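File shown: work-v7.cif. Contents: mmCIF, C-alpha atoms and all ligand atoms.
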data_work
loop_
_atom_site.label_atom_id
_atom_site.label_comp_id
_atom_site.auth_asym_id
_atom_site.auth_seq_id
_atom_site.Cartn_x
_atom_site.Cartn_y
_atom_site.Cartn_z
CA MET A 1 40.35 47.62 90.07
CA THR A 2 39.62 45.15 87.27
CA THR A 3 37.27 45.92 84.44
CA PRO A 4 34.25 43.65 84.80
CA HIS A 5 33.05 44.34 81.28
CA ALA A 6 35.36 44.11 78.30
CA PRO A 7 35.04 47.19 76.10
CA THR A 8 33.72 47.07 72.54
CA PRO A 9 36.64 47.87 70.21
CA SER A 10 36.64 50.96 68.04
CA GLN A 11 36.62 50.73 64.23
CA THR A 12 37.29 53.40 61.65
CA ILE A 13 34.48 55.80 60.77
CA GLY A 14 35.24 55.08 57.09
CA PRO A 15 34.50 57.46 54.21
CA PHE A 16 30.69 57.17 54.01
CA TYR A 17 29.28 58.68 57.22
CA GLY A 18 28.18 61.81 55.36
CA HIS A 19 24.42 61.30 55.31
CA ALA A 20 24.38 60.09 58.90
CA LEU A 21 26.51 62.21 61.19
CA PRO A 22 26.96 65.81 60.01
CA ALA A 23 23.82 67.88 60.56
CA THR A 24 22.62 71.37 59.70
CA GLY A 25 23.75 73.64 62.50
CA GLY A 26 26.28 71.13 63.78
CA ALA A 27 29.04 73.73 63.67
CA GLU A 28 26.89 76.58 65.05
CA ILE A 29 27.36 75.97 68.78
CA ALA A 30 26.89 79.63 69.70
CA PRO A 31 23.26 80.74 69.98
CA LEU A 32 22.25 83.32 67.38
CA ALA A 33 23.21 86.99 67.72
CA ARG A 34 25.69 86.60 70.54
CA PRO A 35 28.33 89.33 70.28
CA ASP A 36 30.85 87.21 72.22
CA THR A 37 30.82 84.45 69.57
CA ILE A 38 34.24 83.14 68.59
CA THR A 39 35.19 81.21 65.44
CA LEU A 40 37.56 78.28 65.77
CA HIS A 41 38.80 76.95 62.47
CA GLY A 42 41.69 75.24 60.73
CA TYR A 43 42.88 72.49 58.45
CA VAL A 44 43.50 68.79 59.04
CA TYR A 45 46.68 67.43 57.39
CA ASP A 46 47.98 63.90 56.96
CA GLY A 47 51.58 62.67 57.27
CA ALA A 48 52.39 63.79 53.70
CA GLY A 49 51.12 67.31 54.44
CA GLU A 50 48.03 66.76 52.30
CA PRO A 51 44.68 68.06 53.53
CA VAL A 52 42.35 65.41 54.96
CA THR A 53 39.05 66.01 53.19
CA ASP A 54 36.95 63.30 54.83
CA ALA A 55 37.54 63.90 58.54
CA LEU A 56 34.80 64.62 61.08
CA LEU A 57 35.52 66.77 64.13
CA GLU A 58 33.49 66.84 67.31
CA VAL A 59 33.84 69.60 69.87
CA TRP A 60 32.83 69.48 73.53
CA GLN A 61 33.26 72.38 75.94
CA PRO A 62 31.87 74.05 79.07
CA ALA A 63 29.40 76.91 78.76
CA PRO A 64 30.79 80.43 79.37
CA ASP A 65 29.59 80.17 82.99
CA GLY A 66 31.70 77.03 83.44
CA SER A 67 28.81 74.56 83.58
CA ARG A 68 29.50 71.18 82.00
CA THR A 69 26.03 69.67 81.92
CA GLY A 70 25.44 70.40 78.24
CA ALA A 71 21.91 70.43 76.83
CA PRO A 72 19.97 68.54 74.17
CA GLY A 73 19.46 70.12 70.78
CA SER A 74 22.82 69.86 68.99
CA LEU A 75 21.37 67.67 66.23
CA ARG A 76 17.68 68.61 66.14
CA ARG A 77 15.44 66.85 63.61
CA ASP A 78 12.30 68.15 61.99
CA PRO A 79 9.47 65.84 63.11
CA VAL A 80 7.56 66.54 59.86
CA THR A 81 10.26 65.78 57.30
CA GLY A 82 12.73 63.83 59.45
CA LEU A 83 15.51 66.08 58.09
CA ALA A 84 18.05 68.00 60.14
CA ALA A 85 16.32 71.09 61.53
CA GLY A 86 19.27 73.05 62.91
CA ARG A 87 19.58 74.39 66.44
CA ASP A 88 16.89 76.39 68.22
CA GLY A 89 19.06 79.54 68.24
CA VAL A 90 18.81 79.93 72.01
CA THR A 91 20.25 76.87 73.77
CA PHE A 92 23.98 76.45 74.30
CA THR A 93 24.57 72.69 74.10
CA GLY A 94 28.37 72.67 74.40
CA PHE A 95 28.62 70.16 71.56
CA GLY A 96 29.38 70.63 67.90
CA ARG A 97 30.13 68.46 64.92
CA VAL A 98 31.72 69.49 61.62
CA PRO A 99 33.18 67.61 58.64
CA THR A 100 36.24 68.93 56.81
CA ASP A 101 35.46 70.29 53.37
CA ALA A 102 37.17 69.58 50.03
CA ASP A 103 40.13 71.73 51.17
CA GLY A 104 40.47 69.90 54.48
CA HIS A 105 39.17 73.00 56.25
CA TRP A 106 36.63 73.19 59.10
CA ALA A 107 35.13 75.98 61.20
CA ILE A 108 32.85 76.21 64.22
CA HIS A 109 31.17 79.19 65.85
CA THR A 110 30.89 79.01 69.59
CA LEU A 111 31.13 80.89 72.88
CA PRO A 112 34.34 81.04 74.93
CA PRO A 113 34.63 78.08 77.35
CA GLY A 114 34.18 79.02 81.02
CA GLY A 115 36.62 77.93 83.73
CA VAL A 116 39.15 76.41 81.32
CA SER A 117 41.14 77.74 78.39
CA TYR A 118 40.48 74.92 75.95
CA LEU A 119 37.86 73.20 73.80
CA SER A 120 38.01 69.39 73.59
CA ILE A 121 38.17 67.95 70.10
CA ALA A 122 37.72 64.39 68.83
CA VAL A 123 38.98 63.68 65.29
CA PHE A 124 37.42 60.86 63.27
CA ALA A 125 38.63 59.80 59.82
CA ARG A 126 39.03 56.95 57.42
CA GLY A 127 42.39 55.41 58.28
CA LEU A 128 42.07 56.10 62.02
CA LEU A 129 41.27 52.92 63.93
CA ASP A 130 40.20 54.95 66.92
CA HIS A 131 39.31 58.63 67.03
CA LEU A 132 41.95 61.03 68.35
CA TYR A 133 41.45 63.45 71.22
CA THR A 134 43.15 66.80 71.29
CA ARG A 135 42.50 70.25 72.75
CA ALA A 136 42.41 73.67 71.15
CA TYR A 137 43.64 76.20 73.75
CA VAL A 138 42.27 79.65 72.96
CA ARG A 139 44.84 81.20 75.30
CA ASP A 140 48.11 80.04 76.78
CA ASP A 141 47.51 79.00 80.37
CA PRO A 142 50.44 78.62 82.79
CA ASP A 143 48.14 76.94 85.32
CA ASP A 144 46.88 74.26 82.95
CA ALA A 145 47.82 70.74 84.10
CA LEU A 146 48.32 69.36 80.58
CA LEU A 147 50.25 72.28 79.06
CA ALA A 148 52.63 72.22 82.05
CA THR A 149 53.75 68.70 81.14
CA LEU A 150 54.70 69.53 77.51
CA ASP A 151 57.89 71.04 76.10
CA ALA A 152 57.52 74.28 74.14
CA GLY A 153 57.38 72.65 70.70
CA ARG A 154 54.74 70.10 71.59
CA ARG A 155 52.79 72.66 73.59
CA ALA A 156 52.63 74.96 70.57
CA THR A 157 50.61 72.37 68.63
CA LEU A 158 47.73 72.86 71.10
CA LEU A 159 47.67 76.66 71.05
CA ALA A 160 45.12 78.17 68.68
CA GLN A 161 46.41 81.37 67.04
CA ALA A 162 44.20 84.41 67.58
CA GLY A 163 43.28 86.27 64.38
CA PRO A 164 41.01 89.19 63.48
CA HIS A 165 37.29 89.26 64.30
CA ARG A 166 37.52 86.83 67.22
CA THR A 167 38.83 84.00 65.05
CA TYR A 168 41.20 81.32 66.26
CA ARG A 169 43.19 79.15 63.88
CA PHE A 170 43.82 75.58 64.95
CA ASP A 171 45.40 73.18 62.45
CA ILE A 172 45.57 69.49 63.20
CA ARG A 173 48.54 67.46 61.90
CA LEU A 174 47.83 63.77 62.20
CA GLN A 175 51.38 62.62 61.64
CA GLY A 176 54.98 63.69 61.14
CA GLU A 177 56.90 66.82 62.03
CA ASP A 178 54.84 69.20 64.17
CA GLU A 179 52.39 66.36 64.78
CA THR A 180 49.57 67.56 67.03
CA VAL A 181 49.58 66.32 70.62
CA PHE A 182 46.89 63.67 70.98
CA LEU A 183 45.54 62.59 74.34
CA GLU A 184 44.42 59.50 76.18
CA PHE A 185 42.24 59.24 79.26
CA GLU A 186 42.76 56.34 81.65
CA MET B 1 45.48 28.56 60.68
CA THR B 2 44.09 31.22 58.33
CA PRO B 3 46.70 33.77 57.25
CA SER B 4 46.03 37.35 58.35
CA PRO B 5 44.44 39.60 55.74
CA PRO B 6 46.55 42.37 54.13
CA PRO B 7 46.89 45.57 56.20
CA TYR B 8 44.38 48.43 56.11
CA ARG B 9 46.12 50.79 53.68
CA SER B 10 44.73 54.14 54.82
CA LEU B 11 46.49 53.83 58.18
CA LYS B 12 49.86 54.67 56.69
CA LEU B 13 49.68 58.46 56.51
CA ARG B 14 47.04 59.07 59.13
CA THR B 15 48.15 57.25 62.26
CA PRO B 16 50.14 59.51 64.59
CA HIS B 17 53.73 58.45 65.25
CA GLY B 18 54.01 60.05 68.66
CA PRO B 19 52.66 58.40 71.81
CA LEU B 20 49.32 59.57 73.19
CA VAL B 21 49.79 61.93 76.13
CA PRO B 22 47.94 60.68 79.20
CA VAL B 23 45.59 63.11 80.95
CA ARG B 24 45.01 62.20 84.59
CA ASP B 25 43.31 65.43 85.65
CA PRO B 26 40.07 64.69 87.55
CA GLU B 27 38.86 68.14 86.46
CA ALA B 28 39.32 67.40 82.74
CA VAL B 29 36.36 68.59 80.66
CA GLU B 30 36.43 65.29 78.74
CA LEU B 31 35.15 63.45 81.83
CA THR B 32 31.77 65.01 81.10
CA GLY B 33 30.04 64.89 77.77
CA PRO B 34 27.25 66.04 75.50
CA VAL B 35 23.63 65.07 76.08
CA PHE B 36 20.80 64.57 73.62
CA GLY B 37 17.04 64.51 73.87
CA VAL B 38 13.75 64.06 72.11
CA THR B 39 14.37 67.04 69.83
CA ASP B 40 17.44 65.29 68.39
CA VAL B 41 15.55 62.26 67.03
CA THR B 42 12.13 61.66 65.54
CA ALA B 43 10.02 58.61 66.29
CA LEU B 44 10.68 57.09 62.87
CA ASP B 45 14.46 57.52 62.93
CA GLY B 46 15.01 54.03 64.34
CA ASP B 47 13.26 52.37 61.41
CA LEU B 48 15.37 52.64 58.25
CA THR B 49 12.73 50.82 56.22
CA ARG B 50 10.14 53.60 56.58
CA GLN B 51 12.00 56.70 55.43
CA HIS B 52 10.75 56.75 51.84
CA ARG B 53 7.52 56.24 49.92
CA GLY B 54 8.27 52.59 49.24
CA GLU B 55 10.02 49.84 51.10
CA PRO B 56 13.69 49.09 50.54
CA ILE B 57 14.79 45.87 48.87
CA GLY B 58 16.45 43.41 51.21
CA GLU B 59 16.17 41.08 54.15
CA ARG B 60 14.43 42.97 56.96
CA ILE B 61 16.26 42.74 60.30
CA THR B 62 15.93 44.04 63.85
CA VAL B 63 19.13 44.89 65.70
CA THR B 64 18.99 45.54 69.42
CA GLY B 65 21.28 45.51 72.43
CA ARG B 66 22.31 47.25 75.62
CA VAL B 67 24.84 50.04 75.95
CA ARG B 68 26.76 49.98 79.22
CA ASP B 69 29.87 51.58 80.69
CA ARG B 70 32.81 49.48 81.80
CA GLN B 71 31.30 49.13 85.28
CA GLY B 72 28.26 47.55 83.66
CA ARG B 73 25.89 50.42 84.30
CA PRO B 74 23.35 51.17 81.56
CA VAL B 75 23.95 54.31 79.48
CA ARG B 76 20.51 55.91 79.55
CA GLY B 77 18.91 58.36 77.14
CA GLN B 78 21.99 58.64 74.95
CA LEU B 79 22.25 58.99 71.21
CA VAL B 80 22.96 55.97 69.01
CA GLU B 81 23.53 56.53 65.28
CA LEU B 82 23.64 53.92 62.50
CA TRP B 83 24.69 54.08 58.85
CA GLN B 84 25.09 51.35 56.30
CA ALA B 85 25.14 50.23 52.67
CA ASN B 86 21.95 48.97 51.01
CA ALA B 87 21.19 45.31 50.30
CA ALA B 88 23.36 45.44 47.17
CA GLY B 89 26.36 46.84 49.05
CA ARG B 90 26.10 50.48 47.88
CA TYR B 91 26.07 53.59 50.06
CA ALA B 92 23.82 56.50 49.18
CA HIS B 93 26.96 58.65 49.05
CA ARG B 94 28.36 60.33 45.95
CA ARG B 95 31.87 59.12 46.58
CA ASP B 96 30.76 55.48 46.61
CA GLN B 97 31.30 54.27 43.05
CA HIS B 98 30.94 50.54 43.72
CA PRO B 99 28.93 49.36 40.68
CA ALA B 100 25.90 48.11 42.58
CA PRO B 101 22.45 49.71 42.28
CA LEU B 102 21.21 52.47 44.55
CA ASP B 103 17.85 51.83 46.20
CA PRO B 104 15.54 54.87 45.95
CA ASN B 105 13.79 53.66 49.11
CA PHE B 106 16.89 53.38 51.27
CA THR B 107 19.22 56.09 52.58
CA GLY B 108 20.74 53.86 55.24
CA CYS B 109 20.88 56.24 58.22
CA GLY B 110 19.11 55.92 61.56
CA ARG B 111 19.30 57.18 65.12
CA CYS B 112 17.62 56.53 68.45
CA LEU B 113 18.00 57.24 72.14
CA THR B 114 18.77 54.41 74.57
CA ASP B 115 15.99 53.64 77.04
CA ASP B 116 16.22 53.40 80.85
CA ASP B 117 17.83 50.00 80.50
CA GLY B 118 20.45 51.31 78.05
CA THR B 119 18.73 49.44 75.21
CA TYR B 120 18.75 50.64 71.60
CA THR B 121 16.70 49.12 68.74
CA PHE B 122 16.79 49.55 64.97
CA THR B 123 14.75 48.03 62.17
CA THR B 124 16.61 47.98 58.86
CA ILE B 125 17.68 45.66 56.06
CA ARG B 126 20.76 43.49 56.03
CA PRO B 127 23.47 45.32 54.06
CA GLY B 128 25.36 43.67 51.22
CA ALA B 129 29.09 43.04 51.13
CA TYR B 130 30.99 45.50 48.94
CA ALA B 131 34.26 45.75 47.03
CA TRP B 132 36.87 48.34 47.96
CA ARG B 133 40.34 49.17 46.70
CA ASN B 134 42.47 48.31 49.72
CA HIS B 135 44.15 45.44 47.84
CA ASP B 136 43.40 43.14 44.92
CA ASN B 137 39.94 41.52 45.22
CA ALA B 138 39.21 43.22 48.54
CA TRP B 139 35.66 42.86 49.90
CA ARG B 140 34.17 44.24 53.08
CA PRO B 141 31.93 41.79 54.94
CA ALA B 142 28.37 42.99 55.56
CA HIS B 143 28.52 45.50 58.41
CA LEU B 144 26.64 48.28 60.15
CA HIS B 145 28.48 51.47 61.19
CA PHE B 146 27.51 52.62 64.70
CA SER B 147 28.18 55.74 66.78
CA PHE B 148 27.62 55.81 70.57
CA PHE B 149 27.81 58.53 73.20
CA GLY B 150 28.43 57.70 76.86
CA THR B 151 28.19 59.88 79.94
CA ALA B 152 31.65 61.31 79.21
CA PHE B 153 33.34 62.52 76.02
CA THR B 154 36.11 60.00 76.86
CA GLN B 155 33.58 57.19 76.26
CA ARG B 156 32.80 58.18 72.70
CA LEU B 157 32.71 55.15 70.41
CA VAL B 158 32.44 54.78 66.63
CA THR B 159 32.65 51.20 65.44
CA GLN B 160 31.22 48.56 63.11
CA MET B 161 28.96 45.57 63.76
CA TYR B 162 29.27 42.35 61.75
CA PHE B 163 27.01 39.37 61.11
CA PRO B 164 27.76 35.86 62.44
CA GLY B 165 28.99 33.16 60.08
CA ASP B 166 30.15 35.52 57.33
CA PRO B 167 33.08 33.92 55.42
CA LEU B 168 34.48 37.41 54.65
CA LEU B 169 35.18 38.07 58.35
CA ALA B 170 38.44 36.12 58.12
CA LEU B 171 39.60 38.21 55.13
CA ASP B 172 38.76 41.74 56.27
CA PRO B 173 41.64 44.16 57.06
CA VAL B 174 39.31 46.51 58.94
CA LEU B 175 37.97 43.86 61.33
CA HIS B 176 41.51 42.50 61.72
CA SER B 177 42.83 45.95 62.61
CA VAL B 178 41.60 44.77 66.03
CA THR B 179 44.44 42.34 66.72
CA ASP B 180 42.92 40.48 69.68
CA GLU B 181 40.63 37.65 68.58
CA ALA B 182 38.37 37.90 71.64
CA ALA B 183 37.98 41.63 71.04
CA ARG B 184 37.11 41.03 67.37
CA ALA B 185 34.42 38.59 68.47
CA ARG B 186 32.76 41.43 70.41
CA LEU B 187 32.07 43.17 67.09
CA VAL B 188 30.02 40.24 65.76
CA ALA B 189 26.31 40.21 66.59
CA THR B 190 24.43 37.08 67.68
CA TYR B 191 21.43 35.77 65.79
CA ASP B 192 18.64 35.64 68.39
CA HIS B 193 15.58 33.72 67.28
CA ASP B 194 13.53 35.20 70.11
CA LEU B 195 14.13 38.64 68.59
CA SER B 196 12.88 37.56 65.19
CA VAL B 197 9.38 38.83 64.54
CA PRO B 198 7.24 36.11 62.92
CA GLU B 199 6.52 36.83 59.28
CA TRP B 200 8.37 40.15 59.56
CA SER B 201 12.07 40.36 60.49
CA LEU B 202 15.13 38.42 61.64
CA GLY B 203 16.59 39.44 65.01
CA TYR B 204 20.18 40.16 65.99
CA ARG B 205 21.54 41.06 69.40
CA TRP B 206 24.65 43.18 69.87
CA ASP B 207 25.58 44.53 73.30
CA VAL B 208 28.10 47.34 73.62
CA VAL B 209 30.47 48.36 76.42
CA LEU B 210 31.90 51.89 76.32
CA ASP B 211 35.46 52.28 77.59
CA GLY B 212 36.94 55.34 79.23
CA PRO B 213 36.65 57.12 82.58
CA SER B 214 33.89 59.54 83.52
CA ALA B 215 33.38 62.12 86.24
CA THR B 216 31.02 59.79 88.13
CA LEU B 217 33.61 56.98 88.05
CA PHE B 218 36.20 59.35 89.53
CA GLU B 219 33.78 60.37 92.27
CA GLU B 220 33.20 56.73 93.14
CA GLY B 221 36.93 55.94 93.05
CA HIS B 222 36.55 53.45 90.22
CA ALA B 223 38.83 55.08 87.70
CA ARG B 224 42.08 53.27 87.09
FE FE C 1 31.17 50.55 55.43
#
Transcribe the structure of this file into structure tokens.
Ligand SMILES: [Fe+2]
Amino acid sequence: MTTPHAPTPSQTIGPFYGHALPATGGAEIAPLARPDTITLHGYVYDGAGEPVTDALLEVWQPAPDGSRTGAPGSLRRDPVTGLAAGRDGVTFTGFGRVPTDADGHWAIHTLPPGGVSYLSIAVFARGLLDHLYTRAYVRDDPDDALLATLDAGRRATLLAQAGPHRTYRFDIRLQGEDETVFLEFE
Amino acid sequence: MTPSPPPYRSLKLRTPHGPLVPVRDPEAVELTGPVFGVTDVTALDGDLTRQHRGEPIGERITVTGRVRDRQGRPVRGQLVELWQANAAGRYAHRRDQHPAPLDPNFTGCGRCLTDDDGTYTFTTIRPGAYAWRNHDNAWRPAHLHFSFFGTAFTQRLVTQMYFPGDPLLALDPVLHSVTDEAARARLVATYDHDLSVPEWSLGYRWDVVLDGPSATLFEEGHAR
């Protein structure tokens, strides 16, 4: 099957997206006061092992019941001031967005994905021509089609490490030894 | 023939060395994607010239186009985000130290939802070129940064739009990071006199095609 329409090429997000893309509540995917909330967090490192302090991560995942329809409201705006208003505290949208901080660290609060063992992540940064897709697996999954194709070392880069208080640590290494597995979809 | 510009320096430590691992699973979560709605934008968000008490300095422009998937179907009701430098080539961002003035009436961020035809529209001002430190005497051509969502997370696109006839296009490492000339041309908008509003703004058209498979394409047997 040929592609009738030639795709628009990707270009780097650059360093100056900060007023435009991150929004209050972007990292708070879990509705308020949900006891099953999990925290997924980690660092982004470059090929020299230095933290990447100007990356933007986006997360997409099914709801705990497995539904993949998502919902509006991830980036709500206040119609009075035009400023970011945060989420409504009730709706689970399945989507989150978080920049790395001055340490290269990021964190999101969300609910466990239903039906699969992973959250999908897109990494954007100055110096990346196209964003990178990866997955944070919150449990090892012998039935997972992707994990089954990877050797143990590569597979380990996709497994988030469970910590106390329902936290999961997931570091992303853009380049070099222990480079994270990045994905393409055809 | 014009020599190629110097390489884009930031690539060196950030581009992965390993090959991308193909995912061919028709049940992959990435074949679906986030949705947005009227709570995620306000009516004024598409007009970057009306976000402050006064009007920004610069040449007022209208930029519009259609967002489609690679089968040519309009991407409806999806979020489009725009950010840019002001008319002097300065971002309202603390890390931008290019010695050009800030404009108190311009933040340079906008967003809108595509309509039923997949069309987006922004009113803004034409950004200035700016210096950066990639190499000696490096200048970025005037450009708008855009972010698009498709019907699947695989179709996510962040890119930059350029203006036709800009002499800096031939010298820009970022534009030339796209190695195919025809593909580069798809990042350059067209001046469209019919889109110019008399005594108000100059019009540019820039249509966008999102790559990547989606769940609906798989269902219809279109995915490669
Ligand atoms: Fe820029």
> If we count all atoms listed in the file, which residues of chain A reach to within 7 Å of chain B? Please list them as a ChimeraX atom specification.
Replying inline: /A:1,3-13,16-17,19-20,46-48,60-61,68,70-73,75-77,79,82,94-95,120,126-128,146,174-176,182-186
> By how many Å are CA of Thr149 (chain A) and CA of Ala215 (chain B) apart?
Replying inline: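 Computed distance, CA of Thr149 (chain A) to CA of Ala215 (chain B), equals 22.0 Å.
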> Which residue, B:Tyr130, B:Trp206, B:Phe149, B:Tyr191, has the smallest gap to ligand FE 1 (chain C) when you use all atoms listed in the file?
Replying inline: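 Closest candidate: B:Tyr130.
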> How far is it from CA of Ala55 (chain A) to CA of Gly86 (chain A), in Å with one decimal?
Replying inline: 20.9 Å
>> So that I can check the surroundings of region 159-165 of chain A, please list as a count of residues only every protein, DNA and RNA residue that reaches within 12 Å of it, counting only C-alpha atoms and ignoring chain neighbours fewer than 2 positions away.
In response: 37
Could you pull region 5-25 of chain B out of the structure just shown and give C-alpha atoms as a compact mmCIF listing (two decimals), in the first residue's frame?
# COMPACT_ATOMS: atom_id res chain seq x y z
CA PRO B 5 25.21 24.09 6.62
CA PRO B 6 27.27 22.84 9.61
CA PRO B 7 25.68 20.00 11.61
CA TYR B 8 23.22 20.54 14.46
CA ARG B 9 25.55 20.25 17.45
CA SER B 10 23.14 19.07 20.14
CA LEU B 11 22.57 15.78 18.30
CA LYS B 12 25.92 14.40 19.38
CA LEU B 13 25.15 13.20 22.91
CA ARG B 14 21.40 12.81 22.61
CA THR B 15 20.76 10.66 19.56
CA PRO B 16 20.48 6.96 20.47
CA HIS B 17 23.09 4.68 18.91
CA GLY B 18 20.96 1.56 18.92
CA PRO B 19 18.36 0.85 16.23
CA LEU B 20 14.70 1.53 17.02
CA VAL B 21 12.86 -1.67 17.90
CA PRO B 22 9.83 -2.15 15.65
CA VAL B 23 6.48 -2.82 17.34
CA ARG B 24 4.04 -4.62 15.07
CA ASP B 25 1.45 -5.51 17.70
